[in-house]
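Listing of input-v8.txt, compact mmCIF, C-alpha atoms
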# COMPACT_ATOMS: atom_id res chain seq x y z
CA MET A 1 -30.68 -28.42 13.34
CA GLU A 2 -27.16 -27.32 14.22
CA LYS A 3 -25.87 -24.44 12.11
CA GLU A 4 -22.87 -25.01 9.87
CA THR A 5 -19.83 -22.82 10.53
CA TRP A 6 -18.20 -21.04 7.58
CA LYS A 7 -15.00 -19.01 7.57
CA PHE A 8 -15.23 -15.22 7.53
CA VAL A 9 -12.33 -13.26 6.03
CA ASP A 10 -12.26 -9.46 6.30
CA SER A 11 -9.19 -8.69 4.20
CA GLY A 12 -9.53 -4.90 4.38
CA TYR A 13 -8.46 -2.62 1.52
CA GLY A 14 -6.39 -4.44 -1.09
CA SER A 15 -4.91 -3.68 -4.49
CA PRO A 16 -6.93 -4.69 -7.58
CA SER A 17 -4.62 -7.63 -8.27
CA PHE A 18 -4.55 -8.84 -4.65
CA ASN A 19 -8.33 -8.70 -4.37
CA MET A 20 -8.92 -10.86 -7.42
CA ALA A 21 -6.02 -13.19 -6.57
CA LEU A 22 -7.40 -13.84 -3.08
CA ASP A 23 -10.81 -14.76 -4.47
CA GLU A 24 -9.08 -17.15 -6.88
CA ALA A 25 -6.91 -18.64 -4.12
CA LEU A 26 -9.91 -19.19 -1.85
CA LEU A 27 -11.67 -21.00 -4.69
CA GLU A 28 -8.61 -23.18 -5.28
CA TRP A 29 -8.14 -24.03 -1.59
CA ASN A 30 -11.83 -24.88 -1.34
CA SER A 31 -11.62 -27.19 -4.36
CA LYS A 32 -8.79 -29.11 -2.68
CA GLY A 33 -10.73 -29.49 0.55
CA ALA A 34 -8.21 -27.30 2.41
CA PHE A 35 -10.80 -24.63 3.15
CA SER A 36 -14.41 -24.76 4.31
CA PRO A 37 -16.94 -22.44 2.62
CA VAL A 38 -15.97 -18.83 3.15
CA ILE A 39 -17.47 -15.36 3.03
CA ARG A 40 -15.08 -12.50 2.47
CA PHE A 41 -15.48 -8.73 2.81
CA TYR A 42 -13.03 -6.31 1.20
CA GLY A 43 -12.37 -2.83 -0.15
CA TRP A 44 -10.14 -1.38 -2.87
CA ASN A 45 -7.00 0.77 -2.75
CA PRO A 46 -6.84 2.61 -5.06
CA PRO A 47 -10.46 2.89 -6.26
CA THR A 48 -10.65 0.43 -9.13
CA LEU A 49 -12.54 -0.27 -12.33
CA SER A 50 -13.05 -4.01 -12.64
CA ILE A 51 -14.39 -5.45 -15.86
CA GLY A 52 -16.08 -8.76 -16.60
CA TYR A 53 -14.14 -11.67 -18.01
CA PHE A 54 -15.73 -11.30 -21.47
CA GLN A 55 -15.60 -7.52 -21.86
CA LYS A 56 -13.57 -5.92 -24.66
CA VAL A 57 -11.30 -3.20 -23.28
CA GLU A 58 -10.57 -1.44 -26.57
CA LYS A 59 -14.22 -1.23 -27.49
CA GLU A 60 -15.78 -0.37 -24.14
CA ILE A 61 -13.26 1.19 -21.73
CA ASN A 62 -11.70 4.66 -21.74
CA ILE A 63 -8.32 3.53 -20.44
CA GLU A 64 -6.85 7.04 -20.73
CA ALA A 65 -9.50 8.34 -18.29
CA VAL A 66 -8.82 5.42 -15.94
CA LYS A 67 -5.09 6.25 -15.86
CA ASN A 68 -5.55 10.03 -15.65
CA GLN A 69 -7.77 9.70 -12.58
CA GLY A 70 -5.38 7.31 -10.82
CA ILE A 71 -7.95 4.53 -10.85
CA GLY A 72 -6.85 0.88 -10.69
CA PHE A 73 -7.88 -1.55 -13.40
CA VAL A 74 -8.37 -5.32 -13.37
CA ARG A 75 -10.26 -8.02 -15.24
CA ARG A 76 -12.36 -10.28 -13.03
CA PRO A 77 -12.51 -14.06 -13.43
CA THR A 78 -16.31 -13.69 -13.42
CA GLY A 79 -18.61 -12.34 -16.12
CA GLY A 80 -20.76 -9.24 -15.94
CA ARG A 81 -20.08 -5.61 -16.74
CA GLY A 82 -17.77 -2.85 -15.53
CA VAL A 83 -17.87 -1.78 -11.87
CA LEU A 84 -16.20 1.22 -10.23
CA HIS A 85 -15.18 -0.02 -6.77
CA GLU A 86 -14.89 3.03 -4.57
CA HIS A 87 -17.51 3.82 -1.93
CA GLU A 88 -18.68 0.25 -1.44
CA LEU A 89 -18.47 -2.96 0.53
CA THR A 90 -17.35 -5.79 -1.72
CA TYR A 91 -18.18 -9.37 -0.79
CA SER A 92 -17.32 -12.80 -2.09
CA VAL A 93 -18.80 -16.20 -1.32
CA ILE A 94 -16.85 -19.38 -2.07
CA VAL A 95 -18.71 -22.68 -1.63
CA PRO A 96 -18.60 -26.13 -3.31
CA GLU A 97 -21.16 -26.74 -6.07
CA SER A 98 -21.96 -30.00 -4.26
CA HIS A 99 -22.93 -28.22 -1.03
CA PRO A 100 -26.46 -29.35 -0.04
CA MET A 101 -27.57 -25.71 0.20
CA MET A 102 -26.58 -24.95 -3.42
CA PRO A 103 -29.06 -25.52 -6.30
CA ASN A 104 -27.69 -26.82 -9.60
CA THR A 105 -28.54 -23.80 -11.74
CA VAL A 106 -26.53 -20.57 -11.69
CA ALA A 107 -29.64 -18.40 -11.29
CA GLU A 108 -31.01 -20.37 -8.35
CA ALA A 109 -27.61 -20.55 -6.61
CA TYR A 110 -27.35 -16.80 -7.12
CA ARG A 111 -30.72 -16.39 -5.39
CA VAL A 112 -29.70 -18.56 -2.41
CA ILE A 113 -26.39 -16.73 -1.89
CA SER A 114 -27.99 -13.33 -2.39
CA GLU A 115 -30.44 -14.10 0.41
CA GLY A 116 -27.56 -13.10 2.71
CA ILE A 117 -27.28 -9.70 1.03
CA LEU A 118 -31.05 -9.24 1.15
CA LYS A 119 -31.05 -9.84 4.91
CA GLY A 120 -28.15 -7.41 5.26
CA PHE A 121 -30.24 -4.62 3.73
CA HIS A 122 -33.06 -5.55 6.09
CA GLN A 123 -30.57 -5.21 8.99
CA LEU A 124 -30.05 -1.61 7.86
CA GLY A 125 -33.80 -1.00 7.83
CA LEU A 126 -34.04 -0.96 4.02
CA GLU A 127 -36.89 -2.81 2.32
CA ALA A 128 -34.84 -4.58 -0.32
CA TYR A 129 -36.42 -7.34 -2.38
CA PHE A 130 -35.65 -9.61 -5.31
CA ALA A 131 -36.89 -8.52 -8.71
CA VAL A 132 -36.61 -10.65 -11.84
CA PRO A 133 -36.66 -9.48 -15.48
CA GLU A 134 -40.25 -10.01 -16.57
CA THR A 135 -40.59 -8.61 -20.06
CA THR A 136 -39.21 -10.20 -23.22
CA GLU A 137 -37.10 -7.08 -23.76
CA GLU A 138 -35.49 -7.40 -20.31
CA ARG A 139 -34.71 -11.08 -20.85
CA GLU A 140 -33.08 -10.27 -24.18
CA LEU A 141 -30.96 -7.61 -22.44
CA LEU A 142 -29.60 -10.32 -20.19
CA LYS A 143 -28.20 -12.12 -23.23
CA SER A 144 -26.50 -9.05 -24.72
CA PRO A 145 -26.51 -5.95 -22.48
CA HIS A 146 -26.31 -2.65 -24.35
CA SER A 147 -24.31 -0.98 -21.59
CA ALA A 148 -20.79 -1.75 -20.36
CA VAL A 149 -21.80 -0.49 -16.90
CA CYS A 150 -22.79 -3.16 -14.38
CA PHE A 151 -25.55 -1.32 -12.54
CA ASP A 152 -27.19 -0.30 -15.83
CA THR A 153 -28.27 -3.80 -16.86
CA PRO A 154 -30.83 -6.22 -15.42
CA SER A 155 -30.02 -9.66 -14.09
CA TRP A 156 -31.84 -12.54 -12.48
CA TYR A 157 -32.91 -12.02 -8.87
CA GLU A 158 -31.85 -8.38 -8.85
CA LEU A 159 -31.70 -6.80 -5.41
CA VAL A 160 -33.66 -3.57 -5.50
CA VAL A 161 -34.94 -0.89 -3.13
CA GLU A 162 -37.76 1.37 -4.32
CA GLY A 163 -37.38 -0.14 -7.77
CA ARG A 164 -33.66 0.66 -8.14
CA LYS A 165 -30.70 -1.72 -8.08
CA VAL A 166 -28.67 -1.63 -4.84
CA ALA A 167 -26.17 -4.46 -5.35
CA GLY A 168 -24.45 -6.00 -8.37
CA SER A 169 -22.99 -9.51 -8.40
CA ALA A 170 -21.29 -11.96 -10.73
CA GLN A 171 -20.66 -15.68 -10.46
CA THR A 172 -18.31 -18.30 -11.88
CA ARG A 173 -17.99 -22.05 -11.33
CA GLN A 174 -14.55 -23.62 -11.54
CA LYS A 175 -13.03 -26.82 -10.17
CA GLY A 176 -16.36 -27.81 -8.63
CA VAL A 177 -16.58 -24.56 -6.66
CA ILE A 178 -18.92 -21.55 -6.89
CA LEU A 179 -17.38 -18.09 -6.59
CA GLN A 180 -19.86 -15.24 -6.36
CA HIS A 181 -18.67 -11.74 -5.64
CA GLY A 182 -20.28 -8.36 -5.86
CA SER A 183 -20.64 -4.71 -4.87
CA ILE A 184 -22.86 -3.19 -2.22
CA LEU A 185 -22.88 0.57 -2.89
CA LEU A 186 -22.63 2.98 0.04
CA ASP A 187 -22.19 6.07 -2.16
CA MET A 188 -21.90 6.61 -5.89
CA ASP A 189 -20.22 9.15 -8.19
CA GLU A 190 -22.04 8.83 -11.52
CA ASP A 191 -19.88 11.40 -13.29
CA LYS A 192 -16.67 9.55 -12.43
CA LEU A 193 -18.22 6.19 -13.31
CA PHE A 194 -19.44 7.23 -16.75
CA SER A 195 -16.17 8.99 -17.60
CA LEU A 196 -14.46 5.57 -17.63
CA PHE A 197 -16.43 4.11 -20.56
CA LYS A 198 -16.55 4.81 -24.28
CA TYR A 199 -19.63 6.23 -25.99
CA SER A 200 -20.31 7.13 -29.60
CA ASN A 201 -20.85 10.77 -28.59
CA GLU A 202 -21.49 13.06 -25.61
CA ARG A 203 -25.25 13.05 -26.13
CA VAL A 204 -25.42 9.25 -25.85
CA MET A 205 -23.38 9.34 -22.63
CA GLU A 206 -25.64 11.98 -21.06
CA ARG A 207 -28.75 10.04 -22.03
CA MET A 208 -27.38 6.83 -20.50
CA LYS A 209 -26.26 8.64 -17.34
CA LYS A 210 -29.75 10.09 -16.90
CA SER A 211 -31.30 6.66 -17.42
CA PHE A 212 -28.81 5.11 -14.98
CA LYS A 213 -30.00 7.32 -12.11
CA ASN A 214 -33.44 5.77 -12.46
CA LYS A 215 -32.00 2.24 -12.33
CA ALA A 216 -29.37 2.28 -9.57
CA VAL A 217 -29.05 3.79 -6.11
CA ALA A 218 -26.55 3.78 -3.23
CA ILE A 219 -27.42 3.00 0.40
CA ASN A 220 -26.68 6.52 1.63
CA ASP A 221 -29.10 8.00 -0.90
CA LEU A 222 -31.85 5.94 0.76
CA THR A 223 -31.21 6.65 4.44
CA SER A 224 -31.42 9.78 6.57
CA ASN A 225 -28.53 8.57 8.76
CA ARG A 226 -25.30 7.89 6.87
CA ILE A 227 -24.12 4.28 6.98
CA SER A 228 -20.39 3.83 7.58
CA MET A 229 -18.29 0.96 6.23
CA GLU A 230 -18.14 -0.61 9.69
CA GLN A 231 -21.92 -0.43 10.08
CA ALA A 232 -22.34 -2.01 6.64
CA LYS A 233 -19.93 -4.83 7.50
CA GLU A 234 -21.78 -5.58 10.72
CA ALA A 235 -25.17 -5.57 9.00
CA PHE A 236 -24.16 -7.77 6.08
CA LYS A 237 -22.22 -10.21 8.25
CA LYS A 238 -25.40 -10.72 10.28
CA GLY A 239 -27.34 -10.83 7.02
CA PHE A 240 -25.27 -13.69 5.64
CA GLU A 241 -25.56 -15.60 8.90
CA GLU A 242 -29.34 -15.20 8.88
CA GLY A 243 -29.90 -15.61 5.14
CA LEU A 244 -27.75 -18.74 4.80
CA ASN A 245 -28.49 -20.04 8.32
CA ILE A 246 -24.79 -20.29 9.21
CA ASN A 247 -22.31 -19.10 11.81
CA LEU A 248 -19.33 -17.07 10.59
CA GLU A 249 -15.99 -17.62 12.28
CA PRO A 250 -13.28 -14.97 11.67
CA TYR A 251 -10.17 -16.28 9.91
CA GLU A 252 -6.80 -14.56 9.42
CA LEU A 253 -4.64 -15.59 6.49
CA ASN A 254 -1.19 -16.84 7.46
CA GLN A 255 1.99 -15.62 5.75
CA THR A 256 2.28 -18.68 3.50
CA GLU A 257 -1.26 -18.08 2.23
CA ILE A 258 -0.60 -14.37 1.70
CA ASP A 259 2.59 -15.14 -0.24
CA TYR A 260 0.66 -17.51 -2.50
CA VAL A 261 -2.01 -14.86 -3.14
CA ASN A 262 0.69 -12.31 -4.02
CA GLN A 263 2.18 -14.81 -6.46
CA ILE A 264 -1.17 -15.21 -8.28
CA ALA A 265 -1.63 -11.43 -8.24
CA LYS A 266 1.72 -10.84 -9.91
CA GLU A 267 1.48 -13.65 -12.45
CA ARG A 268 -2.11 -13.07 -13.55
CA TYR A 269 -3.91 -9.98 -12.33
CA GLU A 270 -1.01 -7.55 -12.79
CA SER A 271 -0.32 -8.76 -16.33
CA ASP A 272 -1.47 -6.88 -19.43
CA GLU A 273 -1.98 -10.25 -21.10
CA TRP A 274 -4.79 -11.01 -18.65
CA ASN A 275 -6.28 -7.54 -18.22
CA PHE A 276 -6.29 -6.58 -21.90
CA MET A 277 -6.72 -10.01 -23.47
CA ARG A 278 -9.93 -9.21 -25.38
Same coordinates, now as C-alpha cells:
Amino acid sequence: MEKETWKFVDSGYGSPSFNMALDEALLEWNSKGAFSPVIRFYGWNPPTLSIGYFQKVEKEINIEAVKNQGIGFVRRPTGGRGVLHEHELTYSVIVPESHPMMPNTVAEAYRVISEGILKGFHQLGLEAYFAVPETTEERELLKSPHSAVCFDTPSWYELVVEGRKVAGSAQTRQKGVILQHGSILLDMDEDKLFSLFKYSNERVMERMKKSFKNKAVAINDLTSNRISMEQAKEAFKKGFEEGLNINLEPYELNQTEIDYVNQIAKERYESDEWNFMR
C-alpha cells in the first residue's frame, strides 16, 4: 500500500505565544481543508512554563518565580498539567478526526499518534514502551491529579523507559481536528521546575521532588552518549514516519501564514485574559 504523505514543519525556537498560535493555526487550516495532516517540531525561546487549559494560576503557579527567572508563560489550548519547556524537543500532530488511521476515542487516538514517539525512542536505542495505569488508585489520579506538574502524574498509554516517564503529551479536538502536542525531554532541571509551583510548605515540595525523580527521566540521563537536539529531531522524524507509516515532506510557512499566526499570538496567547483566565 502506498504511504500517505504528511507535511513536516520544523519551526525552530519560537516565543510562547507564537508556538501555541501556530498549533492553533495549523488546526484551523486543517479543518478548512487547506492543509493536509502535519507533524511539527519546535523549541522555546525563552524557556517557558506552559499550563493546561483547565489549570488555576493563582492556586497552582508561583508567577513571581516565573518572572524572576525570566521564564515565559502561556496557557495551552489542551488540558494536562504544567510543563517547563527548556531542554526538550516539542512536537505537535494535527490530523482530522475522520482520518481512517484515527480511532474514535481520545485514549486510542493518543496511542496511535504516540506510536511515532515510541519508534523515535527506539531509533535512539532506548527501550521505551507503553504503560497504562493499572491500579484503581492510578485511574483515580487520572481524574484529579494531585500535582500541578505534568511529568508527576500518570496518563493512558504513558511512554516509559525503565519504569519512568520520558514524554508528556496532551490532546484536544476542535472543529473536527485532533491536535496532540507534547514534550520529549533531553535534559531536566528539577530544582528549576519545582520552584515554579506553589506548595503548602517546603517539606511538601521536597517530598514531591524526591518522588518525581522516581517517576520521570530525561533522555540524556539514560544514555552514555549525549543526544543533541538535531539527533533527536532526526530520530523522532524517522519514528513518526515508521510509527504512522507515512512520508514526511518538509514545509516552510509563507509570510501570509506567519502574519496570521502572529495575529493569533497577539490577540490570544499574549493576553492576560487568556493566560490568567482561571
Would you pick out the contacts of A:Leu186 at 7 Å or less, using all atoms listed in the file, so that residues sharing its chain but fewer than 3 positions from it are not included, and give the list as number ranges by chain?
A: 87-88, 218-220
Mind dumping the selected residues with C-alpha atoms as a CSV table (one decimal), keeping the file's coordinate frame?
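Result saved to result_4.csv:
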chain,number,residue,atom,x,y,z
A,87,HIS,CA,-17.5,3.8,-1.9
A,88,GLU,CA,-18.7,0.2,-1.4
A,218,ALA,CA,-26.6,3.8,-3.2
A,219,ILE,CA,-27.4,3.0,0.4
A,220,ASN,CA,-26.7,6.5,1.6
May I have the residues within 12 Å of A:Lys56 as a PDB file with C-alpha atoms, keeping the file's coordinate frame, using all atoms listed in the file and disregarding those fewer than 6 positions away in the same chain?
ATOM      1  CA  ASN A  62     -11.700   4.660 -21.740  1.00  0.00           C
ATOM      2  CA  ILE A  63      -8.320   3.530 -20.440  1.00  0.00           C
ATOM      3  CA  ARG A  75     -10.260  -8.020 -15.240  1.00  0.00           C
ATOM      4  CA  GLY A  79     -18.610 -12.340 -16.120  1.00  0.00           C
ATOM      5  CA  GLY A  80     -20.760  -9.240 -15.940  1.00  0.00           C
ATOM      6  CA  ARG A  81     -20.080  -5.610 -16.740  1.00  0.00           C
ATOM      7  CA  GLY A  82     -17.770  -2.850 -15.530  1.00  0.00           C
ATOM      8  CA  ALA A 148     -20.790  -1.750 -20.360  1.00  0.00           C
ATOM      9  CA  PHE A 197     -16.430   4.110 -20.560  1.00  0.00           C
ATOM     10  CA  LYS A 198     -16.550   4.810 -24.280  1.00  0.00           C
ATOM     11  CA  TRP A 274      -4.790 -11.010 -18.650  1.00  0.00           C
ATOM     12  CA  ASN A 275      -6.280  -7.540 -18.220  1.00  0.00           C
ATOM     13  CA  PHE A 276      -6.290  -6.580 -21.900  1.00  0.00           C
ATOM     14  CA  MET A 277      -6.720 -10.010 -23.470  1.00  0.00           C
ATOM     15  CA  ARG A 278      -9.930  -9.210 -25.380  1.00  0.00           C
TER      16      ARG A 278
END
Excluding stretch 241-258 of chain A and any residue of its chain fewer than 2 positions from it, enumerate the residues within 8 Å of it, using all atoms listed in the file, and give them as number ranges by chain.
A: 3-10, 39, 112-113, 115-119, 237-239, 260-262
Stretch 68-70 of chain A: which residues within 12 Å, counting only C-alpha atoms, same-chain residues fewer than 2 positions away excluded, as a ChimeraX atom specification?
/A:45-49,62-66,72-73,192-193,195-196
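In this structure, atom CA of A:Glu206 sits 28.3 Å away from atom CA of A:Ser224.
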Pick the closest to A:Asp221 from A:Glu267, A:Glu162, A:Glu234, A:Glu60: which is it, counting only C-alpha atoms?
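Checking each candidate against A:Asp221, we get A:Glu162 as the closest.
Taking only C-alpha atoms, the non-local environment of A:Tyr13 within 7 Å (same-chain residues fewer than 3 positions away omitted) comprises Tyr42, Gly43, Trp44 and Asn45 of chain A.
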Using atom CA of A:Ala232 and atom CA of A:Arg40 as the two end points, give the distance in Å to one decimal.
13.4 Å
Just add all heavy atoms to stretch 115-126 of chain A and send it as a PDB file, in the frame of the given file.
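This went into out36.pdb:
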ATOM      1  N   GLU A 115     -29.558 -14.203  -0.751  1.00  0.00           N
ATOM      2  CA  GLU A 115     -30.440 -14.100   0.410  1.00  0.00           C
ATOM      3  C   GLU A 115     -29.690 -13.434   1.575  1.00  0.00           C
ATOM      4  O   GLU A 115     -30.274 -12.685   2.361  1.00  0.00           O
ATOM      5  CB  GLU A 115     -30.931 -15.488   0.815  1.00  0.00           C
ATOM      6  CG  GLU A 115     -32.033 -15.493   1.857  1.00  0.00           C
ATOM      7  CD  GLU A 115     -33.387 -15.061   1.315  1.00  0.00           C
ATOM      8  OE1 GLU A 115     -33.640 -15.269   0.108  1.00  0.00           O
ATOM      9  OE2 GLU A 115     -34.180 -14.510   2.094  1.00  0.00           O
ATOM     10  N   GLY A 116     -28.371 -13.720   1.670  1.00  0.00           N
ATOM     11  CA  GLY A 116     -27.560 -13.100   2.710  1.00  0.00           C
ATOM     12  C   GLY A 116     -27.462 -11.594   2.548  1.00  0.00           C
ATOM     13  O   GLY A 116     -27.474 -10.840   3.535  1.00  0.00           O
ATOM     14  N   ILE A 117     -27.358 -11.144   1.293  1.00  0.00           N
ATOM     15  CA  ILE A 117     -27.280  -9.700   1.030  1.00  0.00           C
ATOM     16  C   ILE A 117     -28.636  -9.057   1.306  1.00  0.00           C
ATOM     17  O   ILE A 117     -28.719  -7.976   1.901  1.00  0.00           O
ATOM     18  CB  ILE A 117     -26.854  -9.445  -0.426  1.00  0.00           C
ATOM     19  CG1 ILE A 117     -25.592 -10.249  -0.762  1.00  0.00           C
ATOM     20  CG2 ILE A 117     -26.578  -7.963  -0.653  1.00  0.00           C
ATOM     21  CD1 ILE A 117     -25.293 -10.311  -2.225  1.00  0.00           C
ATOM     22  N   LEU A 118     -29.695  -9.730   0.893  1.00  0.00           N
ATOM     23  CA  LEU A 118     -31.050  -9.240   1.150  1.00  0.00           C
ATOM     24  C   LEU A 118     -31.263  -8.995   2.643  1.00  0.00           C
ATOM     25  O   LEU A 118     -31.734  -7.929   3.057  1.00  0.00           O
ATOM     26  CB  LEU A 118     -32.063 -10.267   0.639  1.00  0.00           C
ATOM     27  CG  LEU A 118     -33.540  -9.932   0.861  1.00  0.00           C
ATOM     28  CD1 LEU A 118     -33.985  -8.824  -0.075  1.00  0.00           C
ATOM     29  CD2 LEU A 118     -34.407 -11.174   0.659  1.00  0.00           C
ATOM     30  N   LYS A 119     -30.886  -9.974   3.462  1.00  0.00           N
ATOM     31  CA  LYS A 119     -31.050  -9.840   4.910  1.00  0.00           C
ATOM     32  C   LYS A 119     -30.162  -8.732   5.471  1.00  0.00           C
ATOM     33  O   LYS A 119     -30.510  -8.089   6.462  1.00  0.00           O
ATOM     34  CB  LYS A 119     -30.737 -11.164   5.613  1.00  0.00           C
ATOM     35  CG  LYS A 119     -31.669 -12.314   5.237  1.00  0.00           C
ATOM     36  CD  LYS A 119     -33.106 -12.040   5.637  1.00  0.00           C
ATOM     37  CE  LYS A 119     -33.981 -13.257   5.347  1.00  0.00           C
ATOM     38  NZ  LYS A 119     -35.410 -12.967   5.618  1.00  0.00           N
ATOM     39  N   GLY A 120     -29.015  -8.497   4.844  1.00  0.00           N
ATOM     40  CA  GLY A 120     -28.150  -7.410   5.260  1.00  0.00           C
ATOM     41  C   GLY A 120     -28.816  -6.053   5.079  1.00  0.00           C
ATOM     42  O   GLY A 120     -28.730  -5.181   5.953  1.00  0.00           O
ATOM     43  N   PHE A 121     -29.496  -5.868   3.943  1.00  0.00           N
ATOM     44  CA  PHE A 121     -30.240  -4.620   3.730  1.00  0.00           C
ATOM     45  C   PHE A 121     -31.355  -4.484   4.767  1.00  0.00           C
ATOM     46  O   PHE A 121     -31.606  -3.391   5.273  1.00  0.00           O
ATOM     47  CB  PHE A 121     -30.820  -4.588   2.313  1.00  0.00           C
ATOM     48  CG  PHE A 121     -29.819  -4.201   1.265  1.00  0.00           C
ATOM     49  CD1 PHE A 121     -29.370  -5.128   0.332  1.00  0.00           C
ATOM     50  CD2 PHE A 121     -29.308  -2.908   1.198  1.00  0.00           C
ATOM     51  CE1 PHE A 121     -28.433  -4.780  -0.630  1.00  0.00           C
ATOM     52  CE2 PHE A 121     -28.379  -2.550   0.240  1.00  0.00           C
ATOM     53  CZ  PHE A 121     -27.937  -3.484  -0.676  1.00  0.00           C
ATOM     54  N   HIS A 122     -32.005  -5.598   5.076  1.00  0.00           N
ATOM     55  CA  HIS A 122     -33.060  -5.550   6.090  1.00  0.00           C
ATOM     56  C   HIS A 122     -32.479  -5.142   7.448  1.00  0.00           C
ATOM     57  O   HIS A 122     -33.114  -4.416   8.213  1.00  0.00           O
ATOM     58  CB  HIS A 122     -33.755  -6.908   6.202  1.00  0.00           C
ATOM     59  CG  HIS A 122     -34.540  -7.260   4.979  1.00  0.00           C
ATOM     60  ND1 HIS A 122     -35.122  -8.500   4.787  1.00  0.00           N
ATOM     61  CD2 HIS A 122     -34.856  -6.540   3.857  1.00  0.00           C
ATOM     62  CE1 HIS A 122     -35.748  -8.528   3.615  1.00  0.00           C
ATOM     63  NE2 HIS A 122     -35.593  -7.345   3.042  1.00  0.00           N
ATOM     64  N   GLN A 123     -31.245  -5.606   7.747  1.00  0.00           N
ATOM     65  CA  GLN A 123     -30.570  -5.210   8.990  1.00  0.00           C
ATOM     66  C   GLN A 123     -30.394  -3.701   9.073  1.00  0.00           C
ATOM     67  O   GLN A 123     -30.383  -3.118  10.159  1.00  0.00           O
ATOM     68  CB  GLN A 123     -29.205  -5.898   9.100  1.00  0.00           C
ATOM     69  CG  GLN A 123     -29.246  -7.386   9.402  1.00  0.00           C
ATOM     70  CD  GLN A 123     -29.456  -7.680  10.880  1.00  0.00           C
ATOM     71  OE1 GLN A 123     -29.171  -6.863  11.740  1.00  0.00           O
ATOM     72  NE2 GLN A 123     -29.963  -8.883  11.172  1.00  0.00           N
ATOM     73  N   LEU A 124     -30.235  -3.072   7.912  1.00  0.00           N
ATOM     74  CA  LEU A 124     -30.050  -1.610   7.860  1.00  0.00           C
ATOM     75  C   LEU A 124     -31.378  -0.864   7.801  1.00  0.00           C
ATOM     76  O   LEU A 124     -31.403   0.361   7.680  1.00  0.00           O
ATOM     77  CB  LEU A 124     -29.194  -1.241   6.635  1.00  0.00           C
ATOM     78  CG  LEU A 124     -27.737  -1.697   6.661  1.00  0.00           C
ATOM     79  CD1 LEU A 124     -27.075  -1.440   5.318  1.00  0.00           C
ATOM     80  CD2 LEU A 124     -26.959  -1.009   7.786  1.00  0.00           C
ATOM     81  N   GLY A 125     -32.475  -1.625   7.857  1.00  0.00           N
ATOM     82  CA  GLY A 125     -33.800  -1.000   7.830  1.00  0.00           C
ATOM     83  C   GLY A 125     -34.279  -0.650   6.434  1.00  0.00           C
ATOM     84  O   GLY A 125     -35.214   0.140   6.266  1.00  0.00           O
ATOM     85  N   LEU A 126     -33.648  -1.234   5.407  1.00  0.00           N
ATOM     86  CA  LEU A 126     -34.040  -0.960   4.020  1.00  0.00           C
ATOM     87  C   LEU A 126     -34.874  -2.114   3.471  1.00  0.00           C
ATOM     88  O   LEU A 126     -34.518  -3.288   3.618  1.00  0.00           O
ATOM     89  CB  LEU A 126     -32.793  -0.770   3.145  1.00  0.00           C
ATOM     90  CG  LEU A 126     -31.951   0.459   3.485  1.00  0.00           C
ATOM     91  CD1 LEU A 126     -30.639   0.428   2.709  1.00  0.00           C
ATOM     92  CD2 LEU A 126     -32.711   1.741   3.178  1.00  0.00           C
TER      93      LEU A 126
END
